[in-house]
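This report concerns only the one structure given below.
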Amino acid sequence: MSPLPYEVSVREVGPRDGLQAEAPVSVGERVALIEALSGTGLHTIEAVSFVSEKAVPSMAGAADVMAKIQRNPDVGYVALVPNLRGAQAALEADVDGLTVTVSASETYSQKNTNRSIAESMTSVEEICDFVDEKLPIDVVVSCAFGSPYEGNITAEELGSLVRNIWDTGATAVTLADTTGMATPRRIDDVIDETGNDVGLHLHETRGTALVNAYAGLQRGIVRFDTSVGGLGGSPFAAGASGNLATEDLIHLLDDIGVATGVDLAALLDIDTTLAAMIGHPVASRIAAAGPRSRLADSP
Ligand code: ZN
């Protein structure tokens, strides 16, 4: 076991991955959330996605959101794009980076995007060619640790997909546990195949997100995706299936001495407004219970 990394970077995905799963909120509220997150020390925020407004009404108005945010020069504002047209729109909106999704599961890919894995890979190549190294492109692999249809995705299969993704010209690869099927053992097996130059995007579906993050840290992973409040997943089952909460990861990292530059208190300040905005309590355990330092520091 190697020592834990000194520092990791956290990409905030709440305004996109998180809010996408909620009933639509106004452009003004999305702008306010992104601006609030911009003041917490986070360096990368997935702010919008340039997808069909009909298919994903909660993400409508992406260009409008990008135009309205008061940008913090220390923050990169990135957009999810499904295809070349989305990438063109994102560049016009002056985003700082792109995320593109490829599924490790053939059936999930067909059902969610109407495309095969091979077709998605072609789309990634087109986007990389079009962007021509002007912006970073992070390919996020959904169902990386298992599929609701095919079950296990073997570490070898995933390793070969990740090698193909690097060949497209992507600047980063992130493994997403879309189905909450990762465990520390699976994280280990997968990193044996992919190497540790990948990000982890973990979900709380089976309560394993933090232990998986810790397993990743032990293998030298230094990039994590998280969502403020744990936004994402089913709005009808708060806490059950969302993204790993930014507060929960930062709280753990603060305590074990892994630097992130993110101010936990500033994040927790956002949660009250956030709960009012989405109309239900946020899923983050630290938002609910408060950080342990609050108790440890009291006389
Ligand atoms: Zn997610």
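Please note that chains go A, B, ... in the order of the structure tokens, that every chain numbers its residues from 1, and that ligands are numbered from 1 in the order shown.
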
- Item | Test item, alpha helix (DSSP H) assignment across region 9-207 of chain A, answer as a ChimeraX atom specification | /A:27-38,62-68,84-92,106-113,117-131,155-167,184-194

Give me the chain A side of the contact with ligand 1, cut-off 12 Å, one line per residue showing its nearest atom pair and distance in Å at one decimal, counting only C-alpha atoms and all ligand atoms, sorted by chain and residue number, as CSV.
residue,atom,partner,partner_atom_place_in_ligand_line,distance
A:Arg11,CA,ligand 1,1 (Zn),11.4
A:Glu12,CA,ligand 1,1 (Zn),10.5
A:Val13,CA,ligand 1,1 (Zn),7.6
A:Gly14,CA,ligand 1,1 (Zn),8.8
A:Pro15,CA,ligand 1,1 (Zn),11.3
A:Arg16,CA,ligand 1,1 (Zn),9.3
A:Asp17,CA,ligand 1,1 (Zn),5.7
A:Gly18,CA,ligand 1,1 (Zn),7.3
A:Leu19,CA,ligand 1,1 (Zn),10.6
A:Gln20,CA,ligand 1,1 (Zn),10.0
A:Ala21,CA,ligand 1,1 (Zn),9.8
A:Glu46,CA,ligand 1,1 (Zn),11.2
A:Thr101,CA,ligand 1,1 (Zn),11.2
A:Val140,CA,ligand 1,1 (Zn),9.9
A:Val141,CA,ligand 1,1 (Zn),10.8
A:Ser142,CA,ligand 1,1 (Zn),8.7
A:Cys143,CA,ligand 1,1 (Zn),10.4
A:Ala144,CA,ligand 1,1 (Zn),11.8
A:Thr174,CA,ligand 1,1 (Zn),11.1
A:Leu175,CA,ligand 1,1 (Zn),10.3
A:Ala176,CA,ligand 1,1 (Zn),6.9
A:Asp177,CA,ligand 1,1 (Zn),7.5
A:Thr178,CA,ligand 1,1 (Zn),6.1
A:Thr179,CA,ligand 1,1 (Zn),9.2
A:Gly180,CA,ligand 1,1 (Zn),9.7
A:Leu200,CA,ligand 1,1 (Zn),10.1
A:His201,CA,ligand 1,1 (Zn),6.3
A:Leu202,CA,ligand 1,1 (Zn),6.7
A:His203,CA,ligand 1,1 (Zn),6.2
A:Glu204,CA,ligand 1,1 (Zn),9.4
A:Thr205,CA,ligand 1,1 (Zn),10.5
A:Ala209,CA,ligand 1,1 (Zn),11.1
A:Phe224,CA,ligand 1,1 (Zn),11.1
A:Asp225,CA,ligand 1,1 (Zn),7.9
A:Thr226,CA,ligand 1,1 (Zn),7.8
A:Ser227,CA,ligand 1,1 (Zn),7.9
A:Val228,CA,ligand 1,1 (Zn),11.5
A:Gly230,CA,ligand 1,1 (Zn),9.4
A:Leu231,CA,ligand 1,1 (Zn),8.9
A:Gly232,CA,ligand 1,1 (Zn),6.7
A:Gly233,CA,ligand 1,1 (Zn),7.6
A:Ser234,CA,ligand 1,1 (Zn),11.3
A:Ser241,CA,ligand 1,1 (Zn),9.5
A:Gly242,CA,ligand 1,1 (Zn),7.0
A:Asn243,CA,ligand 1,1 (Zn),5.0
A:Leu244,CA,ligand 1,1 (Zn),7.9
A:Ala245,CA,ligand 1,1 (Zn),10.2
A:Thr246,CA,ligand 1,1 (Zn),11.8

- Looking at A:Met181, A:Ala288, A:Ile187, A:Val51, which one is nearest to Pro148 (chain A), with distances taken over only C-alpha atoms?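 Under the stated criterion, the closest residue is A:Met181.
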
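Checking A:Asp192, A:Tyr214, A:Glu22, A:Asp263 one by one against Ala275 (chain A), counting only C-alpha atoms, you find the shortest gap at A:Glu22.
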
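The residue that comes closest to Asp64 (chain A), out of A:Val81, A:Leu158, A:Ala93, A:Leu4 and on the basis of only C-alpha atoms, is A:Ala93.
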
- All strand (DSSP E or B) positions in region 28-260 of chain A, as a ChimeraX atom specification: /A:44-49,76-80,97-103,137-142,147,151,172-176,199-201,203,223-227,243,245,259

- Query: Counting only C-alpha atoms, which of A:Glu35, A:Pro24, A:Ala296, A:Ser109 gets nearest to Val56 (chain A)?
  - Reply: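 Looking at the shortest contact to Val56 (chain A), the residue is A:Pro24.
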
Spatial neighbours of Leu98 (chain A), 7 Å, only C-alpha atoms, chain gap at least 3 places, as a PDB file with N, CA and C atoms, in the first residue's frame:
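Result file follows (around-v1.pdb):
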ATOM      1  N   VAL A  78     -16.835  23.630 -17.159  1.00  0.00           N
ATOM      2  CA  VAL A  78     -16.870  22.648 -18.236  1.00  0.00           C
ATOM      3  C   VAL A  78     -18.304  22.235 -18.545  1.00  0.00           C
ATOM      4  N   ALA A  79     -18.488  21.717 -19.762  1.00  0.00           N
ATOM      5  CA  ALA A  79     -19.819  21.322 -20.221  1.00  0.00           C
ATOM      6  C   ALA A  79     -19.798  19.890 -20.712  1.00  0.00           C
ATOM      7  N   LEU A  80     -20.869  19.164 -20.427  1.00  0.00           N
ATOM      8  CA  LEU A  80     -21.056  17.838 -21.017  1.00  0.00           C
ATOM      9  C   LEU A  80     -21.627  18.015 -22.420  1.00  0.00           C
ATOM     10  N   VAL A  81     -21.062  17.309 -23.376  1.00  0.00           N
ATOM     11  CA  VAL A  81     -21.595  17.357 -24.736  1.00  0.00           C
ATOM     12  C   VAL A  81     -21.792  15.938 -25.258  1.00  0.00           C
ATOM     13  N   PRO A 136      -9.383  21.043 -22.901  1.00  0.00           N
ATOM     14  CA  PRO A 136      -9.295  19.673 -22.376  1.00  0.00           C
ATOM     15  C   PRO A 136     -10.596  18.891 -22.608  1.00  0.00           C
ATOM     16  N   ILE A 137     -10.473  17.617 -22.924  1.00  0.00           N
ATOM     17  CA  ILE A 137     -11.652  16.753 -23.122  1.00  0.00           C
ATOM     18  C   ILE A 137     -11.522  15.538 -22.215  1.00  0.00           C
ATOM     19  N   ASP A 138     -12.463  15.424 -21.277  1.00  0.00           N
ATOM     20  CA  ASP A 138     -12.467  14.299 -20.344  1.00  0.00           C
ATOM     21  C   ASP A 138     -13.551  13.322 -20.780  1.00  0.00           C
TER      22      ASP A 138
END

- Using only C-alpha atoms, determine which residues lie at most 12 Å from Ser293 (chain A), disregarding the query and same-chain residues fewer than 2 positions distant; provide the list as a list in words.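 Here the answer would be His251, Leu252, Asp254, Asp255, Leu264, Ala265, Ile286, Ala289, Gly290, Pro291, Leu295, Ala296, Asp297, Ser298 and Pro299 of chain A.
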
- Note on the structure: Expressed in Å, the length from CA of Glu119 (chain A) to CA of Ala60 (chain A) is 25.1 Å

- Query: For Ala215 (chain A), which residue among A:Thr273, A:Ser120, A:Asn196, A:Asn72 is the nearest when counting only C-alpha atoms?
  - Reply: A:Asn196

List the spatial neighbours of Ala287 (chain A) as a CSV table (one decimal) with N, CA and C atoms, in the first residue's frame - criterion: any atom at most 9 Å away, only C-alpha atoms, same-chain residues fewer than 2 positions off excluded.
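And here is the file that came out, result.csv:
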chain,number,residue,atom,x,y,z
A,229,GLY,N,-24.1,18.5,-2.0
A,229,GLY,CA,-25.3,18.0,-1.4
A,229,GLY,C,-25.6,16.5,-1.7
A,247,GLU,N,-19.4,17.6,0.0
A,247,GLU,CA,-19.1,17.8,1.4
A,247,GLU,C,-18.6,16.6,2.1
A,248,ASP,N,-19.2,15.4,1.8
A,248,ASP,CA,-18.8,14.1,2.4
A,248,ASP,C,-17.3,13.8,2.1
A,268,LEU,N,-21.0,24.0,3.0
A,268,LEU,CA,-22.1,23.7,3.9
A,268,LEU,C,-23.1,24.9,3.9
A,271,ASP,N,-25.8,24.6,1.3
A,271,ASP,CA,-26.8,23.5,1.4
A,271,ASP,C,-28.3,24.0,1.7
A,272,THR,N,-28.3,25.1,2.5
A,272,THR,CA,-29.7,25.6,2.9
A,272,THR,C,-30.4,26.1,1.7
A,282,VAL,N,-31.0,17.9,1.1
A,282,VAL,CA,-30.0,17.3,0.4
A,282,VAL,C,-29.5,15.9,1.0
A,283,ALA,N,-28.9,15.1,0.2
A,283,ALA,CA,-28.5,13.8,0.7
A,283,ALA,C,-27.3,13.7,1.5
A,284,SER,N,-26.4,14.7,1.4
A,284,SER,CA,-25.1,14.7,2.1
A,284,SER,C,-25.3,14.4,3.6
A,285,ARG,N,-24.5,13.5,4.1
A,285,ARG,CA,-24.6,13.1,5.6
A,285,ARG,C,-23.9,14.2,6.4
A,289,ALA,N,-25.4,16.1,9.5
A,289,ALA,CA,-24.9,15.9,10.9
A,289,ALA,C,-23.9,16.9,11.3
A,290,GLY,N,-23.3,17.7,10.3
A,290,GLY,CA,-22.3,18.6,10.6
A,290,GLY,C,-20.9,17.9,10.7
A,291,PRO,N,-19.9,18.6,10.4
A,291,PRO,CA,-18.5,18.0,10.4
A,291,PRO,C,-18.1,17.6,11.9
